[in-house]
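**Q** The structure's right below; bear with me while I get my questions together.
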Amino acid sequence: MTQRTDGRGTPFRRWASRTQRLLRGAVAAAASLLVVTALSPTAQAVQAVTRPKAPREFVALRTVDPSIIQEMRYITPHDFVGEPIDGYRQPLCILTRPAAEALHRAQLTLLRRGYSLKVYDCYRPQRAVDHFVRWAKDLDDERMKAEFYPRVDKSRLFTDGYIAEKSGHSRGSTMDLTIVKLPALPTRPYHPGQRLVPCYAPKGQRFPDNSLDMGTGFDCFDTLAHTDDPRVQGVQRANRQFLKSTLAAQGFVNLPEEWWHFTYQPEPFPSTYFDFPVSWRSVTGL
């Protein structure tokens with residue numbers, strides 16, 4: 001009997017057997033692909049679990065004292081960079097528990113006198129500091145100069161100490177804050193592109209803030225922001241001393257170059273710079 005061939009001289013039965021083997025291999029490969037695809041969500045879940053997370057010593061300030069006003073600037077475009085900063089995913093103040101509890105004690109003192117604390121920034125991830133550094137090296141980007149550093153050449157931000165590659169904020173016990181007279185109206189939102197006014201202009205002219213008049217706005221890159229600058233007198237000086245003495249009574253130390261900058265001491269993490277995002281998930285795991 002004459003055997004059929006596949007047109008290239010191979011006996012048909014050998015060709016059929018080889019075809020079956022190839023088909024079985026293809027089916028096995030497809031099954032493997034399905035298994036990998038099915039496992040992808042699990043792999044993603046594992047990655048989510050292993051994302052940087054805050055140590056248990058960190059808390060959301062709101063869970064310790066919900067009465068402290070939070071106006072978290074770096075998740076908005078109203079900052080010296082002019083855009084939301086890397087690592088800020090929610091408008092949330094995160095601190096080490098001792099720092100948060102000390103703020104709570106200071107808040108109780110202020111509430112009895114008709115005032116409240118207001119925080120602008122708390123824990124700051126290292127990726128946010130890296131964002132500041134990249135911006136500072138881009139000398140062409142001066143979109144917010146007219147408000148935040150009108151008298152400082154951007155090329156000197158590192159030399160003059162306004163920008164650094166590490167920040168005490170990343171250790172979790174440093175915060176930027178002010179005092180507000182109660183009842184407090186919300187601060188008017190910033191609209192990108194609006195006319196900018198120097199941060200050291202009279203309070204009625206600079207960007208509105210519901211805080212006491214401290215002589216300059218928050219994040220003002222100017223020597224007038226130095227806590228004890230002799231040019232700042234009268235009510236403005238008294239307000240700075242009010243903030244400083246209230247916090248000092250609870251263990252906070254002021255940075256002399258910035259009236260708004262305070263660190264709780266002793267710091268739980270005096271030499272560790274964290275990089276978990278500013279989000280509820282970072283402190284709750286949910």
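Ordering of the structure tokens sets the chain letters (A, B, ...); residue numbers start at 1 within each chain; ligands are numbered from 1 in the order shown.
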Please build the interface table for stretch 173-238 of chain A against stretch 74-91 of chain A with a cut-off of 9 Å, listing for each qualifying residue the nearest atom pair and the distance in Å to one decimal; count only C-alpha atoms, order rows by chain and increasing number, and write it as JSON lines.

**A**
```
{"residue": "A:Pro189", "atom": "CA", "partner": "A:His78", "partner_atom": "CA", "distance": 8.7}
{"residue": "A:Tyr190", "atom": "CA", "partner": "A:His78", "partner_atom": "CA", "distance": 6.1}
{"residue": "A:His191", "atom": "CA", "partner": "A:His78", "partner_atom": "CA", "distance": 8.1}
{"residue": "A:Pro192", "atom": "CA", "partner": "A:Pro77", "partner_atom": "CA", "distance": 7.0}
{"residue": "A:Asp219", "atom": "CA", "partner": "A:Phe80", "partner_atom": "CA", "distance": 7.4}
{"residue": "A:Cys220", "atom": "CA", "partner": "A:Phe80", "partner_atom": "CA", "distance": 8.6}
```

**Q** For the helix (DSSP H, G or I) assignment from backbone DSSP, which residues of stretch 27-157 of chain A qualify? Please present them as JSON, numbers by chain.

**A** {"A": [27, 28, 29, 30, 31, 32, 33, 34, 35, 36, 37, 38, 39, 40, 41, 42, 43, 44, 45, 46, 47, 48, 49, 61, 62, 63, 64, 73, 74, 75, 97, 98, 99, 100, 101, 102, 103, 104, 105, 106, 107, 108, 109, 110, 111, 126, 127, 128, 129, 130, 131, 132, 133, 134, 135, 136, 137, 145, 146, 147, 148, 154, 155, 156]}

**Q** Suppose you want the space between atom CA of A:Arg171 and atom CA of A:Pro66; what is it in Å?

**A**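 These atoms are spaced 22.3 Å apart.
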
**Q** Using only C-alpha atoms, find the one residue out of A:Glu71, A:Gly161, A:Phe218, A:Phe252 that sits nearest to A:Arg188.

**A**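 Closest candidate: A:Glu71.
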
**Q** Tell me which of A:Arg112, A:Lys53, A:Arg151, A:Arg231 sits closest to A:Arg281, counting only C-alpha atoms.

**A** A:Lys53

**Q** In terms of the shortest atom-to-atom distance over only C-alpha atoms, which of A:His104, A:Arg127, A:Arg73, A:Lys145 is closest to A:Gln250?

**A**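 Looking only at the distances to A:Gln250, the closest residue turns out to be A:His104.
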
**Q** Produce a table with one row for each residue of stretch 139-212 of chain A that has an atom at most 7 Å from any atom of stretch 259-267 of chain A, each row naming the nearest atom pair and its distance in Å at one decimal; use only C-alpha atoms; arrange rows by chain and rising residue number; format as CSV.

**A**
```
residue,atom,partner,partner_atom,distance
A:Ser173,CA,A:Tyr264,CA,5.5
A:Thr174,CA,A:Thr263,CA,4.2
A:Met175,CA,A:Phe262,CA,5.6
A:Asp176,CA,A:His261,CA,4.6
A:Leu177,CA,A:Trp260,CA,5.1
A:Thr178,CA,A:Trp260,CA,6.1
```

**Q** Contacts of A:Lys154 at 10 Å or less, counting only C-alpha atoms, minus same-chain residues fewer than 6 places along, as a ChimeraX atom specification?

**A** /A:135-142,145,160,162

**Q** Among the residues of stretch 224-277 of chain A, find those DSSP assigns to strand (DSSP E) from the backbone and print them as a PyMOL selection string.

**A** chain A and resi 252-254+261-264

**Q** Those same residues - N, CA, C and O atoms - I'd like them written as a compact mmCIF listing (two decimals), in the first residue's frame.

**A**
```txt
# COMPACT_ATOMS: atom_id res chain seq x y z
N PHE A 252 9.51 70.98 72.54
CA PHE A 252 9.86 71.28 71.14
C PHE A 252 10.96 72.33 71.07
O PHE A 252 10.98 73.28 71.86
N VAL A 253 11.86 72.14 70.10
CA VAL A 253 12.96 73.07 69.87
C VAL A 253 12.77 73.72 68.51
O VAL A 253 12.54 73.04 67.51
N ASN A 254 12.86 75.04 68.49
CA ASN A 254 12.67 75.80 67.26
C ASN A 254 13.96 75.87 66.45
O ASN A 254 15.06 75.98 67.01
N HIS A 261 9.25 76.17 62.24
CA HIS A 261 9.88 74.84 62.24
C HIS A 261 10.24 74.41 63.66
O HIS A 261 11.04 75.06 64.33
N PHE A 262 9.68 73.26 64.10
CA PHE A 262 9.93 72.76 65.45
C PHE A 262 10.18 71.25 65.43
O PHE A 262 9.56 70.53 64.65
N THR A 263 11.06 70.81 66.33
CA THR A 263 11.37 69.39 66.47
C THR A 263 11.15 68.96 67.91
O THR A 263 11.64 69.62 68.85
N TYR A 264 10.43 67.86 68.07
CA TYR A 264 10.23 67.32 69.41
C TYR A 264 11.48 66.55 69.83
O TYR A 264 12.04 65.77 69.06
```

**Q** Measuring between only C-alpha atoms, which one of A:Asp153, A:Asp213, A:Asp275, A:Glu101 shows the shortest distance to A:Arg124?

**A**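 Checking each of A:Asp153, A:Asp213, A:Asp275, A:Glu101 against A:Arg124, counting only C-alpha atoms, the winner is A:Asp275.
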